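Asks: Have a look at this one.
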Amino acid sequence: MTSPAAHLDGYVTDVAYPDYFHRELMPVWLCSTLQALGRRTPDLQQPYTWLELGCGTGISTVIAAATNPRGHFIGLDLNPDAIAQAQALAQAVGVANVRFVCQSFEAALHSTDAALPPCDFIVSHGVYSWISASNRAALRQLLERHLQPGGVLYLAYMSQPGSASMAAAQKLAHLTTQGMAGGSTDKADAGLALLQQMTEAGTGYCSEHPRIAAELGQLRGMDRRYIAHEFLNAHWESLHVADVMADLARAGCDYAGSATLLENIDGASLPEQSLPLLNRLRQQGCSVAAQETFKDIARNQNQRRDLYQCQHPQGNMLSADAHRHALLSQRIALLPAAPSLQASLPAAFTLDTRIGPVQMPMAHVAPLLAALQKGPQSYAQLVQLPLYAQQPGAVSQLLQLLAWVGWVQFVRPDWQADASLAPATSAMLERLNAALALRPCGQPAVHYQAHAAAGSAIPMP
C-alpha cells in the first residue's frame, strides 16, 4: 500500500521510518525513572492507557503491549504504509491489547474519546523536531485533551546546541533534492553525496564545524529510510529546551526530568568544572529552564528525551515517606550484558557519555551485581547490603546508572516471579521473539528479545 502523496505538510511519507525500539518509552522505565525523581506515577498494577504519537512501524508499541498485559496500547501515525506494517506485526504475533490509528495529529484532534481515550502515558520520539509549527501545536492540543491528571509525557527531539550545526546541511539537502526524480531514499543518497563533496572541498561551513565530517561518515552507513526522514523533511528544527518547556507548560505539562537516566545525575553527566557554576545558578534562584539550558550547553546536547507530567490533584511530588516507600518497593533484575563476577574484572568501568568517558569504580557496584546474580531483588533487599547500609540513598543513583548502561532492568510491579505464564501468553511472546529475530532494530542493528518481567525488550549479546 503506497501513500498517494510523497509528502504531507512537508513530511516524508513515501518510505516508512525504519524499525527502532526505544526502551525509554516503556511504562516500567518511565515509572521507575519518575519514582527515582521523587514523583507520583500511574499505577501499573491497575489498567492504564498508553499512546504513541508517531509510532512508525509500531515496533515499540507492539513490544510494550505484548509485555504489559494490564495496559491498553495505541499507536498513531499518518503514514498508511507504516500503520499497515504495524497492524500486520500485531496480528501475526497475536497481541490483543493494541490497536493502530492512521491519522495526522490535526485529524486526531477531531477523533472521539472512543478512538483516542484519556491516556496515562503519551510518548513521542523524534517527530517533534521534524514537523511544522502547526503540527507541533496540534500535538500539544492532543496532550491538553487526552493526558490524564498525573499522566506522563515522554518527548524526544533534536536540541540546541548539539544538533544546530546540522541545520544548514539539512536545509541544503532538502532544497537541492526537491525537484529530483526518484523516491526519498534516492534523494537521501544525492543529498549525502553533495554534503560529502562539500566537506572534501574544505568549504567554510565544514571547516568551522569539523564534527560534520564524522557525522556524515556515520550517516553513510545508516538506513537510507532514516536519512530520508532526518534530512528531507521540509520542517526540521533544532529546538531550545526553554522554548519547549514554555510551550508544554501552556499545555498543562510540568517538566519532570530526563528519560536518559544518566542526565538526571549531574555529577556523572556534566563536566566537573561546570558543576560549581550550575550550583551558583541554583543558589541565585534561576529557573529550571535556565538550568536545563545551561546543562545542554555544558553537554553540547544534540537530543533530549524529556519527561513531563500533567498536574495530579494530590500533587506530582511525593512526600519523603511516600518516595522512600516507592523506591523500597522497586524490584530489579540482572540483564545478559552485565559482567560475570566469575571473570576477572577491571578496577573501573567506563561510561561513554556526551562529555566523554567517565570512570566508575567497579567496587561501587560489585555487591549489587553479586546480589542480582541470585535472581531479581527488591530495593529494600539491596540497601541492606553492608556497603550501602549507611548510605541507602546511593543505591538509587547506582541502579539508575546500571540501568542506563544496560546491566540491570527494573521489574514490572505486577510481575510474579514464581508464576508461570499462561500458555497463550507464552506462545504469543514466542511468536513476537521469532519476529524480532528477523527484525533487528536501530543503527547499528541490534536484536531484541521481549522480556515479560521487565515489561520491555532487551538487547541480546
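Chain identifiers are assigned as A, B, and so on, following the order in which chains appear in the C-alpha cells; residues are numbered from 1 within each chain, and ligands are numbered from 1 in order of appearance.
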Could you name the residues that touch A:Val244 at 12 Å or less, counting only C-alpha atoms, but leaving out those on the same chain fewer than 5 positions away, as a VMD selection string?
Replies: chain A and resid 128 to 129 133 136 to 137 140 155 to 160 237 to 239 249 to 251 253 to 255 289 292 to 293 304 to 308
Asks: Enumerate, as a PyMOL selection string, the complete set of residues in stretch 233-436 of chain A that a backbone-based DSSP assignment places in strand (DSSP E or B).
Replies: chain A and resi 239+253-258+303-310+317+331-334+348-353+356-361+377-378+408-410
Asks: Which residue gives the smallest distance to A:Gly71 among A:Gly455, A:Gly183, A:Pro461, A:Pro149, with only C-alpha atoms counted?
Replies: A:Gly455
Asks: Do you have the atom CA of A:Gly315-atom CA of A:Thr33 distance handy?
Replies: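 That distance, rounded to one decimal, is 17.3 Å.
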Asks: Can you work out which one of A:Met222, A:Met460, A:Ala66, A:Ala107 has the shortest atom-to-atom distance to A:Gly442, counting only C-alpha atoms?
Replies: A:Met222
Asks: So which residues touch stretch 330-340 of chain A within 9 Å, counting only C-alpha atoms, skipping near sequence neighbours fewer than 3 positions away, as number ranges by chain?
Replies: A: 32, 325-327, 343-345, 369-370, 372-373, 375-380, 399, 402, 405-413, 453-454, 458-461
Asks: Which neighbours of stretch 386-391 of chain A fall inside 10 Å, counting only C-alpha atoms, when residues of the same chain fewer than 5 positions from it are skipped, and could you give them as a ChimeraX atom specification?
Replies: /A:363-368
Asks: Convert the current residue selection to file output with N, CA and C atoms, as an mmCIF file, in the first residue's frame.
Replies:
```
data_model
loop_
_atom_site.group_PDB
_atom_site.id
_atom_site.type_symbol
_atom_site.label_atom_id
_atom_site.label_comp_id
_atom_site.auth_asym_id
_atom_site.auth_seq_id
_atom_site.Cartn_x
_atom_site.Cartn_y
_atom_site.Cartn_z
ATOM 1 N N ALA A 363 34.141 -1.504 42.309
ATOM 2 C CA ALA A 363 33.829 -1.863 43.695
ATOM 3 C C ALA A 363 32.518 -1.237 44.167
ATOM 4 N N HIS A 364 32.128 -0.104 43.566
ATOM 5 C CA HIS A 364 30.883 0.555 43.979
ATOM 6 C C HIS A 364 29.650 -0.250 43.586
ATOM 7 N N VAL A 365 29.754 -1.046 42.537
ATOM 8 C CA VAL A 365 28.570 -1.744 42.031
ATOM 9 C C VAL A 365 28.675 -3.259 42.151
ATOM 10 N N ALA A 366 29.842 -3.790 42.448
ATOM 11 C CA ALA A 366 30.020 -5.247 42.501
ATOM 12 C C ALA A 366 29.057 -5.923 43.478
ATOM 13 N N PRO A 367 28.801 -5.383 44.691
ATOM 14 C CA PRO A 367 27.840 -6.049 45.581
ATOM 15 C C PRO A 367 26.430 -6.112 44.997
ATOM 16 N N LEU A 368 26.020 -5.068 44.262
ATOM 17 C CA LEU A 368 24.713 -5.103 43.613
ATOM 18 C C LEU A 368 24.656 -6.218 42.580
#
```
Asks: Check stretch 234-427 of chain A with DSSP on the backbone and list each residue it calls alpha helix (DSSP H), as a VMD selection string.
Replies: chain A and resid 241 to 250 266 to 269 275 to 283 288 to 299 320 to 329 366 to 372 379 to 382 393 to 405 423 to 427
Asks: I'd like to know which of A:Gln148, A:Ser274, A:Ser165, A:Ser396 is closest to A:Glu208, using only C-alpha atoms.
Replies: A:Ser165
Asks: If we count only C-alpha atoms and set the cut-off at 9 Å, which residues sit around A:Ile131, ignoring sequence neighbours fewer than 5 positions away in its own chain? Please answer as number ranges by chain.
Replies: A: 9-11, 136, 233-237
Asks: Can you spit out the residues from that selection as a PDB file, in the first residue's frame, using C-alpha atoms?
Replies:
```
ATOM      1  CA  ASP A   9       2.696  19.102   5.017  1.00  0.00           C
ATOM      2  CA  GLY A  10       6.337  18.649   4.083  1.00  0.00           C
ATOM      3  CA  TYR A  11       6.752  15.350   5.952  1.00  0.00           C
ATOM      4  CA  ARG A 136       3.583  20.754  16.971  1.00  0.00           C
ATOM      5  CA  ASN A 233      11.516  16.861   5.758  1.00  0.00           C
ATOM      6  CA  ALA A 234      10.518  20.412   4.887  1.00  0.00           C
ATOM      7  CA  HIS A 235      10.273  21.257   8.592  1.00  0.00           C
ATOM      8  CA  TRP A 236      13.390  20.434  10.613  1.00  0.00           C
ATOM      9  CA  GLU A 237      14.293  22.395  13.695  1.00  0.00           C
TER      10      GLU A 237
END
```
Asks: Which residues are close to A:Asp189, i.e. within 9 Å by only C-alpha atoms, leaving aside same-chain residues fewer than 4 positions away? Reply as number ranges by chain.
Replies: A: 184-185, 193-194, 220, 224, 227-228
Asks: Please identify all polymer residues within 10 Å of A:Met428, counting only C-alpha atoms, omitting same-chain residues fewer than 6 positions from it, and present them as number ranges by chain.
Replies: A: 66-67, 92-96, 422, 434
Asks: Residues as selected, N, CA and C atoms, written as a short mmCIF file (atom, residue, chain, number, x, y, z; two decimals), in the first residue's frame, can you do that?
Replies:
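Full text of out-v6.cif as output:
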```cif
data_model
loop_
_atom_site.label_atom_id
_atom_site.label_comp_id
_atom_site.auth_asym_id
_atom_site.auth_seq_id
_atom_site.Cartn_x
_atom_site.Cartn_y
_atom_site.Cartn_z
N ALA A 66 2.73 -6.34 24.23
CA ALA A 66 2.93 -7.76 24.46
C ALA A 66 3.48 -8.06 25.85
N THR A 67 4.26 -7.14 26.40
CA THR A 67 4.93 -7.39 27.68
C THR A 67 4.26 -6.70 28.86
N ALA A 92 0.08 -10.90 13.41
CA ALA A 92 0.89 -12.11 13.28
C ALA A 92 1.31 -12.64 14.65
N VAL A 93 1.61 -11.73 15.56
CA VAL A 93 2.05 -12.13 16.90
C VAL A 93 0.86 -12.54 17.77
N GLY A 94 -0.30 -11.90 17.52
CA GLY A 94 -1.48 -12.18 18.32
C GLY A 94 -1.60 -11.32 19.55
N VAL A 95 -1.15 -10.06 19.45
CA VAL A 95 -1.25 -9.14 20.58
C VAL A 95 -2.64 -8.52 20.58
N ALA A 96 -3.39 -8.74 21.65
CA ALA A 96 -4.80 -8.33 21.68
C ALA A 96 -5.01 -6.94 22.25
N ALA A 422 0.64 -17.89 31.32
CA ALA A 422 -0.43 -18.67 30.71
C ALA A 422 0.06 -19.17 29.35
N ALA A 434 10.27 -14.54 17.76
CA ALA A 434 10.64 -15.07 16.45
C ALA A 434 10.61 -13.95 15.41
#
```
Asks: Find, counting only C-alpha atoms, the residue in A:Glu106, A:Val12, A:Thr353, A:Arg211 that gets nearest to A:Gly267.
Replies: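 For A:Gly267, the nearest of the candidates is A:Thr353.
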Asks: Counting only C-alpha atoms, which residue out of A:Gln218, A:Val152, A:Asp414, A:His110 sits closest to A:Leu44?
Replies: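 Looking at the shortest contact to A:Leu44, the residue is A:Asp414.
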Asks: Which residue out of A:Leu232, A:Cys55, A:Ala435, A:Met166 has the minimum interatomic distance to A:Asp14 when only C-alpha atoms are used?
Replies: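 Closest candidate: A:Leu232.
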Asks: For the atom pair atom CA of A:Asp247 and atom CA of A:Gly162, what is the interatomic distance in Å to one decimal place?
Replies: 21.0 Å
